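Read the structure below first, then the notes.
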Amino acid sequence: MNQHRVSKGPAAAVALTVSLAISLAGCSISVPSPTAPTAENSAPAPTYAPPTVVAGHDAAKVAAAPMTFEAGNTLSAGVAVDFSDVLGQPSQDYSTTPAPAEWTLVKDKVAGQTQYKNAAGCQIAYWTTVNQGPLITAGDDKASTMKLMKYLIPSVIAESLGEAKLPWVAEAGKPGPGITFLGFSTKAGKDVMASTVWGRMLGTADTSLLVSLACPTDELLAATTPAVMAKLSVAPPSS
């Protein structure tokens, strides 16, 4: 994984980010519409509309290519994207006796979020949200992702966000291309865990992807990050 550590920024942002990284399980991002409908302008209840798949769309080709910010436009409109993980499985090292899984499942898709912890005191959570129209800049996933991170961490500034790559593969733990995220990291302090929050908005797919990882020390966070990304991926849609 290609991760960029960034400066910890204002104290308020640090405190909020750490709080998010260690306690976001059970929370979800809910973006209100710019204006609430009134009785006079309420629209009729929408009827079902199937996802839009562009003629000639090659899902396999999209899955085989790096999901850069620009590549977000190659996804099918409205087809949600999700995570894949094998965090609860032991590492497959056939040269040694199989050991118990390093990560213990804490919550499984509770309010859309999954969370694990390990014996070293690290915690990881990942989740997706949909219907995030107010945060989407049409055709520009990077601008949309910056809005997402700003919504998640109000004190964040663009200069504190670094690009990072997470695996873009259907089965976590398998080799493949990467998907670009923006990451925000904070250093450990007194009663504060070191943490990183990664986010990506896929505007065309109308999906936001978020991951948080927190560990007791900076060194443990740095060592744990690649180990996590070897067992966590974003799964390309099959259509």
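Letters A, B, ... mark the chains of the structure tokens in the order given; residue numbers begin at 1 per chain; ligand numbers begin at 1, in order shown.
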
Mind running range 179-239 of chain A against range 64-81 of chain A at 8 Å and telling me each contacting residue's nearest atom pair with the distance in Å (one decimal), counting only C-alpha atoms, chain and number ascending, as CSV?
residue,atom,partner,partner_atom,distance
A:Ile179,CA,A:Met67,CA,4.4
A:Thr180,CA,A:Thr68,CA,5.2
A:Leu202,CA,A:Gly72,CA,5.8
A:Gly203,CA,A:Gly72,CA,7.1
A:Thr204,CA,A:Ala77,CA,5.0
A:Ala205,CA,A:Gly78,CA,4.5
A:Asp206,CA,A:Gly78,CA,5.5
A:Thr207,CA,A:Ala80,CA,5.7
A:Val234,CA,A:Val81,CA,7.5
A:Ala235,CA,A:Val81,CA,6.7
A:Pro236,CA,A:Val81,CA,6.4
A:Pro237,CA,A:Val81,CA,5.9
A:Ser239,CA,A:Ser76,CA,7.0

Selection export as a PDB file, in the first residue's frame, atoms kept: N, CA, C and O atoms:
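File out-v5.pdb, as written:
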ATOM      1  N   ILE A 179      -7.130   1.235  -5.583  1.00  0.00           N
ATOM      2  CA  ILE A 179      -8.116   2.315  -5.678  1.00  0.00           C
ATOM      3  C   ILE A 179      -7.596   3.484  -4.850  1.00  0.00           C
ATOM      4  O   ILE A 179      -7.115   3.306  -3.727  1.00  0.00           O
ATOM      5  N   THR A 180      -7.671   4.678  -5.402  1.00  0.00           N
ATOM      6  CA  THR A 180      -7.117   5.856  -4.753  1.00  0.00           C
ATOM      7  C   THR A 180      -8.087   6.436  -3.727  1.00  0.00           C
ATOM      8  O   THR A 180      -9.264   6.645  -4.020  1.00  0.00           O
ATOM      9  N   LEU A 202     -17.144   7.793  -4.759  1.00  0.00           N
ATOM     10  CA  LEU A 202     -17.339   7.338  -6.131  1.00  0.00           C
ATOM     11  C   LEU A 202     -18.639   7.976  -6.607  1.00  0.00           C
ATOM     12  O   LEU A 202     -19.734   7.457  -6.378  1.00  0.00           O
ATOM     13  N   GLY A 203     -18.512   9.142  -7.239  1.00  0.00           N
ATOM     14  CA  GLY A 203     -19.689   9.918  -7.586  1.00  0.00           C
ATOM     15  C   GLY A 203     -20.628   9.216  -8.544  1.00  0.00           C
ATOM     16  O   GLY A 203     -21.844   9.210  -8.340  1.00  0.00           O
ATOM     17  N   THR A 204     -20.081   8.618  -9.583  1.00  0.00           N
ATOM     18  CA  THR A 204     -20.928   7.936 -10.569  1.00  0.00           C
ATOM     19  C   THR A 204     -21.673   6.770  -9.929  1.00  0.00           C
ATOM     20  O   THR A 204     -22.847   6.541 -10.212  1.00  0.00           O
ATOM     21  N   ALA A 205     -20.998   6.040  -9.069  1.00  0.00           N
ATOM     22  CA  ALA A 205     -21.612   4.906  -8.370  1.00  0.00           C
ATOM     23  C   ALA A 205     -22.451   5.346  -7.174  1.00  0.00           C
ATOM     24  O   ALA A 205     -23.119   4.519  -6.561  1.00  0.00           O
ATOM     25  N   ASP A 206     -22.408   6.643  -6.833  1.00  0.00           N
ATOM     26  CA  ASP A 206     -23.143   7.180  -5.693  1.00  0.00           C
ATOM     27  C   ASP A 206     -22.821   6.399  -4.418  1.00  0.00           C
ATOM     28  O   ASP A 206     -23.701   6.011  -3.655  1.00  0.00           O
ATOM     29  N   THR A 207     -21.524   6.183  -4.201  1.00  0.00           N
ATOM     30  CA  THR A 207     -21.068   5.429  -3.028  1.00  0.00           C
ATOM     31  C   THR A 207     -19.877   6.142  -2.391  1.00  0.00           C
ATOM     32  O   THR A 207     -18.948   6.537  -3.090  1.00  0.00           O
ATOM     33  N   VAL A 234     -11.388  -3.076  -1.606  1.00  0.00           N
ATOM     34  CA  VAL A 234     -12.633  -2.589  -2.177  1.00  0.00           C
ATOM     35  C   VAL A 234     -12.945  -3.490  -3.364  1.00  0.00           C
ATOM     36  O   VAL A 234     -12.099  -3.688  -4.244  1.00  0.00           O
ATOM     37  N   ALA A 235     -14.137  -4.066  -3.375  1.00  0.00           N
ATOM     38  CA  ALA A 235     -14.498  -5.030  -4.407  1.00  0.00           C
ATOM     39  C   ALA A 235     -15.168  -4.340  -5.589  1.00  0.00           C
ATOM     40  O   ALA A 235     -16.227  -3.713  -5.423  1.00  0.00           O
ATOM     41  N   PRO A 236     -14.596  -4.427  -6.775  1.00  0.00           N
ATOM     42  CA  PRO A 236     -15.231  -3.811  -7.949  1.00  0.00           C
ATOM     43  C   PRO A 236     -16.586  -4.468  -8.209  1.00  0.00           C
ATOM     44  O   PRO A 236     -16.754  -5.681  -8.033  1.00  0.00           O
ATOM     45  N   PRO A 237     -17.583  -3.693  -8.636  1.00  0.00           N
ATOM     46  CA  PRO A 237     -18.889  -4.284  -8.953  1.00  0.00           C
ATOM     47  C   PRO A 237     -18.801  -5.166 -10.185  1.00  0.00           C
ATOM     48  O   PRO A 237     -17.952  -4.950 -11.060  1.00  0.00           O
ATOM     49  N   SER A 239     -21.094  -5.448 -12.429  1.00  0.00           N
ATOM     50  CA  SER A 239     -21.898  -4.919 -13.538  1.00  0.00           C
ATOM     51  C   SER A 239     -21.634  -3.431 -13.723  1.00  0.00           C
ATOM     52  O   SER A 239     -20.967  -2.818 -12.913  1.00  0.00           O
TER      53      SER A 239
END

Exercise. Leaving out range 218-229 of chain A and any residue of its chain fewer than 6 positions from it, which residues lie within 7 Å of it when counting only C-alpha atoms, given as a VMD selection string?
Worked result: chain A and resid 1 166 to 167 187 to 188 194 to 195

Would you save the residues from that selection as a PDB file, in the first residue's frame, using all heavy atoms?
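again_27.pdb, freshly written:
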ATOM      1  N   MET A   1       0.828  -1.173   0.000  1.00  0.00           N
ATOM      2  CA  MET A   1       0.000   0.000   0.000  1.00  0.00           C
ATOM      3  C   MET A   1       0.868   1.231   0.000  1.00  0.00           C
ATOM      4  O   MET A   1       1.886   1.316   0.653  1.00  0.00           O
ATOM      5  CB  MET A   1      -0.893  -0.008   1.231  1.00  0.00           C
ATOM      6  CG  MET A   1      -1.554   1.334   1.486  1.00  0.00           C
ATOM      7  SD  MET A   1      -2.642   1.302   2.889  1.00  0.00           S
ATOM      8  CE  MET A   1      -2.958   3.035   2.980  1.00  0.00           C
ATOM      9  N   LEU A 166      -5.606   1.668  -1.683  1.00  0.00           N
ATOM     10  CA  LEU A 166      -6.121   0.450  -1.080  1.00  0.00           C
ATOM     11  C   LEU A 166      -6.323  -0.562  -2.190  1.00  0.00           C
ATOM     12  O   LEU A 166      -6.471  -0.178  -3.348  1.00  0.00           O
ATOM     13  CB  LEU A 166      -7.446   0.709  -0.349  1.00  0.00           C
ATOM     14  CG  LEU A 166      -7.351   1.277   1.074  1.00  0.00           C
ATOM     15  CD1 LEU A 166      -6.929   2.739   1.031  1.00  0.00           C
ATOM     16  CD2 LEU A 166      -8.687   1.139   1.795  1.00  0.00           C
ATOM     17  N   PRO A 167      -6.325  -1.854  -1.895  1.00  0.00           N
ATOM     18  CA  PRO A 167      -6.515  -2.857  -2.946  1.00  0.00           C
ATOM     19  C   PRO A 167      -7.887  -2.714  -3.614  1.00  0.00           C
ATOM     20  O   PRO A 167      -8.896  -2.471  -2.956  1.00  0.00           O
ATOM     21  CB  PRO A 167      -6.403  -4.181  -2.193  1.00  0.00           C
ATOM     22  CG  PRO A 167      -5.605  -3.864  -0.966  1.00  0.00           C
ATOM     23  CD  PRO A 167      -6.023  -2.493  -0.585  1.00  0.00           C
ATOM     24  N   LYS A 187      -1.031  11.799  15.019  1.00  0.00           N
ATOM     25  CA  LYS A 187      -0.039  11.119  15.846  1.00  0.00           C
ATOM     26  C   LYS A 187      -0.612  10.815  17.227  1.00  0.00           C
ATOM     27  O   LYS A 187      -1.556  11.459  17.689  1.00  0.00           O
ATOM     28  CB  LYS A 187       1.223  11.980  15.970  1.00  0.00           C
ATOM     29  CG  LYS A 187       1.985  12.134  14.661  1.00  0.00           C
ATOM     30  CD  LYS A 187       3.276  12.890  14.873  1.00  0.00           C
ATOM     31  CE  LYS A 187       4.073  13.003  13.576  1.00  0.00           C
ATOM     32  NZ  LYS A 187       4.469  11.688  13.054  1.00  0.00           N
ATOM     33  N   ALA A 188      -0.018   9.830  17.861  1.00  0.00           N
ATOM     34  CA  ALA A 188      -0.439   9.470  19.210  1.00  0.00           C
ATOM     35  C   ALA A 188      -0.006  10.545  20.204  1.00  0.00           C
ATOM     36  O   ALA A 188       0.989  11.240  20.015  1.00  0.00           O
ATOM     37  CB  ALA A 188       0.166   8.123  19.603  1.00  0.00           C
ATOM     38  N   ALA A 194      -2.843   6.936  17.878  1.00  0.00           N
ATOM     39  CA  ALA A 194      -2.471   7.290  16.514  1.00  0.00           C
ATOM     40  C   ALA A 194      -3.560   6.753  15.585  1.00  0.00           C
ATOM     41  O   ALA A 194      -4.114   5.683  15.821  1.00  0.00           O
ATOM     42  CB  ALA A 194      -1.119   6.677  16.160  1.00  0.00           C
ATOM     43  N   SER A 195      -3.883   7.491  14.537  1.00  0.00           N
ATOM     44  CA  SER A 195      -4.984   7.060  13.689  1.00  0.00           C
ATOM     45  C   SER A 195      -4.833   7.552  12.265  1.00  0.00           C
ATOM     46  O   SER A 195      -4.139   8.535  11.989  1.00  0.00           O
ATOM     47  CB  SER A 195      -6.326   7.558  14.248  1.00  0.00           C
ATOM     48  OG  SER A 195      -6.385   8.974  14.189  1.00  0.00           O
TER      49      SER A 195
END

For this session: Would you mind reading off the distance between CA of Ala214 in chain A and CA of Ala120 in chain A, one decimal, in Å?
Result: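 One can read the CA of Ala214 in chain A to CA of Ala120 in chain A distance as 10.8 Å.
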
Problem set entry | Backbone-only DSSP, alpha helix (DSSP H) members of range 55-218 of chain A, as a VMD selection string | chain A and resid 59 to 64 141 to 152 218

Could you dump the residues just selected with N, CA and C atoms as a PDB file, in the first residue's frame?
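The result, stored in part00.pdb:
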ATOM      1  N   ALA A  59     -17.451  -4.377 -17.274  1.00  0.00           N
ATOM      2  CA  ALA A  59     -17.153  -4.398 -15.845  1.00  0.00           C
ATOM      3  C   ALA A  59     -15.823  -5.062 -15.551  1.00  0.00           C
ATOM      4  N   ALA A  60     -15.496  -6.104 -16.308  1.00  0.00           N
ATOM      5  CA  ALA A  60     -14.228  -6.804 -16.083  1.00  0.00           C
ATOM      6  C   ALA A  60     -13.042  -5.894 -16.381  1.00  0.00           C
ATOM      7  N   LYS A  61     -13.164  -5.094 -17.409  1.00  0.00           N
ATOM      8  CA  LYS A  61     -12.085  -4.165 -17.766  1.00  0.00           C
ATOM      9  C   LYS A  61     -11.917  -3.107 -16.680  1.00  0.00           C
ATOM     10  N   VAL A  62     -13.035  -2.608 -16.162  1.00  0.00           N
ATOM     11  CA  VAL A  62     -12.983  -1.616 -15.091  1.00  0.00           C
ATOM     12  C   VAL A  62     -12.335  -2.217 -13.844  1.00  0.00           C
ATOM     13  N   ALA A  63     -12.676  -3.460 -13.529  1.00  0.00           N
ATOM     14  CA  ALA A  63     -12.131  -4.121 -12.346  1.00  0.00           C
ATOM     15  C   ALA A  63     -10.639  -4.384 -12.473  1.00  0.00           C
ATOM     16  N   ALA A  64     -10.147  -4.540 -13.702  1.00  0.00           N
ATOM     17  CA  ALA A  64      -8.747  -4.886 -13.919  1.00  0.00           C
ATOM     18  C   ALA A  64      -7.834  -3.659 -13.947  1.00  0.00           C
ATOM     19  N   ASP A 141     -14.260  12.906  -8.910  1.00  0.00           N
ATOM     20  CA  ASP A 141     -14.200  12.144  -7.666  1.00  0.00           C
ATOM     21  C   ASP A 141     -13.256  12.755  -6.641  1.00  0.00           C
ATOM     22  N   LYS A 142     -12.198  13.410  -7.090  1.00  0.00           N
ATOM     23  CA  LYS A 142     -11.265  13.978  -6.115  1.00  0.00           C
ATOM     24  C   LYS A 142     -11.921  15.123  -5.357  1.00  0.00           C
ATOM     25  N   ALA A 143     -12.597  16.013  -6.075  1.00  0.00           N
ATOM     26  CA  ALA A 143     -13.290  17.111  -5.406  1.00  0.00           C
ATOM     27  C   ALA A 143     -14.379  16.568  -4.487  1.00  0.00           C
ATOM     28  N   SER A 144     -15.079  15.521  -4.937  1.00  0.00           N
ATOM     29  CA  SER A 144     -16.126  14.918  -4.123  1.00  0.00           C
ATOM     30  C   SER A 144     -15.543  14.289  -2.868  1.00  0.00           C
ATOM     31  N   THR A 145     -14.375  13.644  -3.005  1.00  0.00           N
ATOM     32  CA  THR A 145     -13.732  13.013  -1.853  1.00  0.00           C
ATOM     33  C   THR A 145     -13.260  14.055  -0.850  1.00  0.00           C
ATOM     34  N   MET A 146     -12.782  15.178  -1.341  1.00  0.00           N
ATOM     35  CA  MET A 146     -12.375  16.255  -0.433  1.00  0.00           C
ATOM     36  C   MET A 146     -13.587  16.777   0.342  1.00  0.00           C
ATOM     37  N   LYS A 147     -14.737  16.865  -0.320  1.00  0.00           N
ATOM     38  CA  LYS A 147     -15.961  17.270   0.383  1.00  0.00           C
ATOM     39  C   LYS A 147     -16.340  16.242   1.440  1.00  0.00           C
ATOM     40  N   LEU A 148     -16.194  14.963   1.092  1.00  0.00           N
ATOM     41  CA  LEU A 148     -16.505  13.892   2.038  1.00  0.00           C
ATOM     42  C   LEU A 148     -15.637  14.002   3.282  1.00  0.00           C
ATOM     43  N   MET A 149     -14.336  14.191   3.089  1.00  0.00           N
ATOM     44  CA  MET A 149     -13.425  14.282   4.228  1.00  0.00           C
ATOM     45  C   MET A 149     -13.708  15.542   5.057  1.00  0.00           C
ATOM     46  N   LYS A 150     -14.066  16.617   4.382  1.00  0.00           N
ATOM     47  CA  LYS A 150     -14.400  17.849   5.088  1.00  0.00           C
ATOM     48  C   LYS A 150     -15.672  17.666   5.901  1.00  0.00           C
ATOM     49  N   TYR A 151     -16.617  16.915   5.365  1.00  0.00           N
ATOM     50  CA  TYR A 151     -17.848  16.643   6.104  1.00  0.00           C
ATOM     51  C   TYR A 151     -17.565  15.764   7.320  1.00  0.00           C
ATOM     52  N   LEU A 152     -16.698  14.768   7.135  1.00  0.00           N
ATOM     53  CA  LEU A 152     -16.361  13.844   8.216  1.00  0.00           C
ATOM     54  C   LEU A 152     -15.545  14.531   9.296  1.00  0.00           C
ATOM     55  N   ASP A 218       2.360   5.444  17.266  1.00  0.00           N
ATOM     56  CA  ASP A 218       2.630   5.743  15.860  1.00  0.00           C
ATOM     57  C   ASP A 218       3.300   4.559  15.173  1.00  0.00           C
TER      58      ASP A 218
END

For this session: Go ahead and compute the interatomic distance for CA of Val169 in chain A and CA of Leu182 in chain A, in Å to one decimal.
Result: 18.4 Å

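Atom pair CA of Thr128 in chain A / CA of Val211 in chain A has a distance of 9.0 Å (rounded to one decimal).
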
Exercise. Which parts of range 74-141 of chain A does DSSP call strand (DSSP E or B) when run on the backbone here, written out as a VMD selection string?
Worked result: chain A and resid 77 82 to 85 103 to 110 113 to 118 123 to 130

For this session: Go through A:Gly173, A:Leu135, A:Ser208, A:Asp108 and flag the residue nearest Pro90 in chain A, using only C-alpha atoms for the distances.
Result: A:Gly173

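Each of A:Ser238, A:Ala230, A:Asp85, A:Asn118 was compared to Gly176 in chain A using only C-alpha atoms, and A:Ala230 turns out to be the nearest.
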